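Participant: Here it is: the structure, laid out below.
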Amino acid sequence: MSTLLQSSFISSSSISPITPRFARISIRNAARCNNAVVSLNSANGIPYRSTELSVTGSTSIPSFLVAPNTPIHDLVNRNRLRIFSGTANPALAQEIACYMGLDLGKIKIKRFADGEIYVQLQESVRGCDVFLVQPTCPPANENLMELLVMIDACRRASAKNITAVIPYFGYARADRKTQGRESIAAKLVANLITEAGANRVLACDLHSGQSMGYFDIPVDHVYGQPVILDYLASKTICSDDLVVVSPDVGGVARARAFAKKLSDAPLAIVDKRRHGHNVAEVMNLIGDVKGKVAVMVDDMIDTAGTIAKGAALLHQEGAREVYACTTHAVFSPPAIERLSSGLFQEVIITNTIPVSEKNYFPQLTVLSVANLLGETIWRVHDDCSLMTLR
């Protein structure tokens, strides 16, 4: 099977919205993208798209898009930026490229009969700042190996800088030893990416902060929270009725930061005891949720055992509605059955991991992080701070 990934004209049915927090119209974007932004939320489990903004395709650049005294060398330098996509999430890479006003680089990726991966760049990257968009989502081993081969191909093609853009970092949960004779796979994967030739990693919502320390190269860590917060802010929920819930003790810091930005909402914690991998048991609730709208926050949903049992407990304790918010939708079976069982008013996720059409259900809403990642790539390329994106 051979796959040739290259950018083409992006229609209005495949591009994400520009939210106020990350709105940016680049010089290239003004010339290349028409009907530039369409939302990826879903209605009744099926993604719907509505046009938000139209940018004309004129070849001349409007004066208000160009900062006064913009140095010519800065415009030329941006021609040295290249974005390539692996096969794990090409739709997200396409959205990122359109937000930035760039074309996806041409790359040939195929698998031989014995499963080996072959990668060939179809254009020169000599002296370029290269960004490779490839989450290591299921199948994790296939996508990880593909990323490593892509990095190696760019290194051997004399790319100046190689940044691995990993919206979802697989093996992140294996970040410490909980029992004797266990491996720390997160450190192993970090070493593999570094040794393959990556100069920098751009990751989104790592499972734990210490994973950044496993890399011997710079790591830019961005959060999907602003995208979800912007969406929740658009809903007519009284701030006095909100309570943010952490599904386990380990996620308290994440939930507290989320609650602070969500009108400084109160915090509740679900105390759980885990008896095995992917098996969770809810014990009790710390905090008051009676008559309130509970917003459960986690970095990922895998089998949905933890968050489903937590939602059931919240209903028992008198919660009026329960929302589930997460950045990474792994959705291993039987996650869909648990999430669509009626426990949740809405399940809000992002597109760091592609969701197959068969996994959509009426309560599911998918938000795009393309603008967030696109803006981050611009700032990394321009050597600008990322603090304002958090």
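Chain labels run A, B, ... following the order of the structure tokens; each chain numbers its residues from 1, and ligands are numbered from 1 in the order shown.
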I'd like the contact shell of Val227 of chain A - 8 Å cut-off, only C-alpha atoms, skipping same-chain residues fewer than 5 positions apart - returned as a list in words.
Facilitator: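 What passes the distance filter is Leu367, Ser368, Val369 and Leu372 of chain A.
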Participant: Using DSSP on the backbone coordinates, identify the residues of segment 146-349 of chain A assigned to strand (DSSP E); present them as a ChimeraX atom specification.
Facilitator: /A:161-166,200-204,219-222,242-246,267-276,279-286,293-301,321-329,346-349
Participant: For the interface of segment 211-250 of chain A with segment 156-172 of chain A (cut-off 10 Å, counting only C-alpha atoms), please tabulate each contacting residue of segment 211-250 of chain A alongside its nearest pair of atoms and their separation in Å to one decimal, rows sorted by chain and increasing number, as JSON lines.
Facilitator:
{"residue": "A:Ser211", "atom": "CA", "partner": "A:Ala172", "partner_atom": "CA", "distance": 6.9}
{"residue": "A:Pro218", "atom": "CA", "partner": "A:Thr163", "partner_atom": "CA", "distance": 9.6}
{"residue": "A:Val219", "atom": "CA", "partner": "A:Thr163", "partner_atom": "CA", "distance": 9.4}
{"residue": "A:Asp220", "atom": "CA", "partner": "A:Val165", "partner_atom": "CA", "distance": 9.4}
{"residue": "A:His221", "atom": "CA", "partner": "A:Pro167", "partner_atom": "CA", "distance": 9.8}
{"residue": "A:Val222", "atom": "CA", "partner": "A:Pro167", "partner_atom": "CA", "distance": 9.3}
{"residue": "A:Tyr223", "atom": "CA", "partner": "A:Pro167", "partner_atom": "CA", "distance": 9.9}
{"residue": "A:Gly224", "atom": "CA", "partner": "A:Pro167", "partner_atom": "CA", "distance": 9.7}
Participant: Quick one: pick out all alpha helix (DSSP H) residues within segment 161-365 of chain A from a backbone DSSP run and write them as number ranges by chain.
Facilitator: A: 185-196, 225-233, 252-261, 305-316, 335-339
Participant: Can you tell me, as a list in words, what residues are no more than 10 Å from Phe258 of chain A when counting only C-alpha atoms, ignoring any on the same chain fewer than 3 positions away?
Facilitator: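 So, after excluding close chain neighbours, the residues are Gln225, Pro226, Ile228, Leu229, Val244, Val245, Ser246, Val252, Ala253, Arg254, Ala255, Lys261, Leu262, Ser263, Asp264, Ala265, Leu267, Val295 and Val297 of chain A.
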Participant: Mind dumping the selected residues with all heavy atoms as a CSV table (one decimal), in the first residue's frame?
Facilitator:
chain,number,residue,atom,x,y,z
A,225,GLN,N,-6.7,23.3,26.7
A,225,GLN,CA,-7.7,23.9,27.6
A,225,GLN,C,-8.3,25.2,27.0
A,225,GLN,O,-9.5,25.4,27.0
A,225,GLN,CB,-7.1,24.2,29.0
A,225,GLN,CG,-7.0,23.1,29.9
A,225,GLN,CD,-6.6,23.5,31.3
A,225,GLN,OE1,-6.4,24.7,31.6
A,225,GLN,NE2,-6.4,22.5,32.2
A,226,PRO,N,-7.5,26.1,26.4
A,226,PRO,CA,-8.1,27.3,25.9
A,226,PRO,C,-9.2,27.1,24.8
A,226,PRO,O,-10.1,27.8,24.7
A,226,PRO,CB,-6.9,28.1,25.3
A,226,PRO,CG,-5.7,27.6,26.1
A,226,PRO,CD,-6.0,26.1,26.3
A,228,ILE,N,-11.2,24.4,24.6
A,228,ILE,CA,-12.4,23.9,25.3
A,228,ILE,C,-13.0,25.0,26.1
A,228,ILE,O,-14.3,25.2,26.2
A,228,ILE,CB,-12.0,22.7,26.2
A,228,ILE,CG1,-11.5,21.6,25.4
A,228,ILE,CG2,-13.2,22.3,27.0
A,228,ILE,CD1,-10.9,20.4,26.2
A,229,LEU,N,-12.2,25.9,26.8
A,229,LEU,CA,-12.8,27.0,27.6
A,229,LEU,C,-13.5,28.0,26.7
A,229,LEU,O,-14.6,28.5,27.1
A,229,LEU,CB,-11.6,27.7,28.3
A,229,LEU,CG,-11.0,27.0,29.5
A,229,LEU,CD1,-9.7,27.6,29.9
A,229,LEU,CD2,-12.0,27.0,30.7
A,244,VAL,N,-16.2,22.2,38.7
A,244,VAL,CA,-15.2,21.4,37.9
A,244,VAL,C,-14.8,20.2,38.7
A,244,VAL,O,-14.5,20.3,39.9
A,244,VAL,CB,-14.0,22.3,37.6
A,244,VAL,CG1,-12.9,21.4,36.9
A,244,VAL,CG2,-14.4,23.4,36.7
A,245,VAL,N,-14.8,19.0,38.1
A,245,VAL,CA,-14.5,17.8,38.8
A,245,VAL,C,-13.3,17.1,38.2
A,245,VAL,O,-13.2,16.9,37.0
A,245,VAL,CB,-15.8,16.8,38.7
A,245,VAL,CG1,-15.5,15.5,39.4
A,245,VAL,CG2,-17.0,17.5,39.2
A,246,SER,N,-12.4,16.7,39.0
A,246,SER,CA,-11.3,15.9,38.6
A,246,SER,C,-11.6,14.4,38.8
A,246,SER,O,-12.1,14.0,39.9
A,246,SER,CB,-10.0,16.2,39.5
A,246,SER,OG,-9.0,15.3,39.2
A,252,VAL,N,-5.9,16.6,39.8
A,252,VAL,CA,-6.3,17.7,40.6
A,252,VAL,C,-5.7,19.0,40.1
A,252,VAL,O,-6.4,20.1,39.9
A,252,VAL,CB,-6.0,17.5,42.1
A,252,VAL,CG1,-6.3,18.8,42.8
A,252,VAL,CG2,-6.9,16.4,42.6
A,253,ALA,N,-4.4,19.0,39.8
A,253,ALA,CA,-3.7,20.2,39.3
A,253,ALA,C,-4.3,20.7,38.0
A,253,ALA,O,-4.5,21.9,37.8
A,253,ALA,CB,-2.2,20.0,39.2
A,254,ARG,N,-4.6,19.8,37.1
A,254,ARG,CA,-5.2,20.1,35.8
A,254,ARG,C,-6.6,20.7,36.0
A,254,ARG,O,-6.9,21.7,35.4
A,254,ARG,CB,-5.2,18.9,34.9
A,254,ARG,CG,-5.8,19.1,33.5
A,254,ARG,CD,-5.9,17.9,32.7
A,254,ARG,NE,-4.7,17.1,32.6
A,254,ARG,CZ,-4.4,16.0,33.2
A,254,ARG,NH1,-5.2,15.5,34.1
A,254,ARG,NH2,-3.2,15.4,33.1
A,255,ALA,N,-7.4,20.1,36.9
A,255,ALA,CA,-8.7,20.5,37.1
A,255,ALA,C,-8.7,21.9,37.8
A,255,ALA,O,-9.6,22.7,37.5
A,255,ALA,CB,-9.5,19.5,37.9
A,261,LYS,N,-9.7,29.3,35.4
A,261,LYS,CA,-10.0,30.0,34.2
A,261,LYS,C,-11.5,30.0,33.8
A,261,LYS,O,-12.0,30.8,33.0
A,261,LYS,CB,-9.2,29.4,33.0
A,261,LYS,CG,-7.7,29.6,33.2
A,261,LYS,CD,-6.9,28.9,32.0
A,261,LYS,CE,-5.4,29.1,32.2
A,261,LYS,NZ,-4.7,28.4,31.2
A,262,LEU,N,-12.2,29.1,34.4
A,262,LEU,CA,-13.7,29.0,34.2
A,262,LEU,C,-14.4,29.7,35.3
A,262,LEU,O,-15.1,29.1,36.1
A,262,LEU,CB,-14.1,27.5,34.1
A,262,LEU,CG,-15.5,27.2,33.5
A,262,LEU,CD1,-15.6,27.7,32.1
A,262,LEU,CD2,-15.8,25.8,33.6
A,263,SER,N,-14.3,31.0,35.4
A,263,SER,CA,-15.0,31.9,36.3
A,263,SER,C,-14.6,31.5,37.8
A,263,SER,O,-15.4,31.6,38.7
A,263,SER,CB,-16.5,31.8,36.1
A,263,SER,OG,-16.8,32.2,34.8
A,264,ASP,N,-13.4,30.9,38.0
A,264,ASP,CA,-13.0,30.5,39.3
A,264,ASP,C,-14.0,29.6,40.0
A,264,ASP,O,-14.4,29.8,41.1
A,264,ASP,CB,-12.7,31.7,40.2
A,264,ASP,CG,-11.7,31.4,41.3
A,264,ASP,OD1,-11.1,30.3,41.2
A,264,ASP,OD2,-11.6,32.2,42.3
A,265,ALA,N,-14.4,28.6,39.2
A,265,ALA,CA,-15.5,27.6,39.7
A,265,ALA,C,-14.9,26.8,40.8
A,265,ALA,O,-13.7,26.5,40.9
A,265,ALA,CB,-15.9,26.8,38.5
A,267,LEU,N,-14.2,23.3,43.0
A,267,LEU,CA,-13.5,22.1,42.6
A,267,LEU,C,-14.1,20.9,43.4
A,267,LEU,O,-14.3,21.0,44.6
A,267,LEU,CB,-12.0,22.2,42.8
A,267,LEU,CG,-11.2,21.0,42.3
A,267,LEU,CD1,-11.2,20.9,40.8
A,267,LEU,CD2,-9.7,21.2,42.7
A,295,VAL,N,-18.5,19.7,35.4
A,295,VAL,CA,-17.6,19.6,34.2
A,295,VAL,C,-16.4,18.8,34.6
A,295,VAL,O,-15.6,19.2,35.3
A,295,VAL,CB,-17.2,21.0,33.8
A,295,VAL,CG1,-16.3,20.9,32.5
A,295,VAL,CG2,-18.4,21.9,33.4
A,297,VAL,N,-13.0,17.1,33.9
A,297,VAL,CA,-11.8,17.4,33.0
A,297,VAL,C,-10.7,16.4,33.2
A,297,VAL,O,-10.3,16.0,34.3
A,297,VAL,CB,-11.3,18.8,33.5
A,297,VAL,CG1,-10.1,19.2,32.6
A,297,VAL,CG2,-12.3,19.9,33.4
Participant: Fewer than 5 positions away in the same chain doesn't count, so skip those; otherwise give me all residues within 10 Å of Glu317 of chain A, counting only C-alpha atoms, as number ranges by chain.
Facilitator: A: 284-285, 287-291, 311-312
Participant: How far is it from atom CA of Asn351 of chain A to atom CA of Asp271 of chain A, in Å with one decimal?
Facilitator: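 These two atoms are separated by 28.7 Å.
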Participant: For a quick check of understanding, using only C-alpha atoms, which of A:Leu386, A:Cys154, A:Leu314, A:Ala304 has the smallest distance to Asp129 of chain A?
Facilitator: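 Nearest candidate to Asp129 of chain A out of A:Leu386, A:Cys154, A:Leu314, A:Ala304: A:Cys154.
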Participant: For each of A:Gly127, A:Gly318, A:Pro333, A:Gly251, take the minimum atom-to-atom distance to Asp298 of chain A, counting only C-alpha atoms, then give the residue where this is smallest.
Facilitator: A:Gly251
Participant: Expressed in Å to a single decimal, how great is the separation between atom CA of Asp240 of chain A and atom CA of Ala324 of chain A?
Facilitator: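 Atom-to-atom, atom CA of Asp240 of chain A and atom CA of Ala324 of chain A are spaced 18.5 Å apart.
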Participant: Grab the atom CA of Asp103 of chain A to atom CA of Gln120 of chain A distance for me, in Å with one decimal place.
Facilitator: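 Separation of atom CA of Asp103 of chain A and atom CA of Gln120 of chain A: 17.4 Å.
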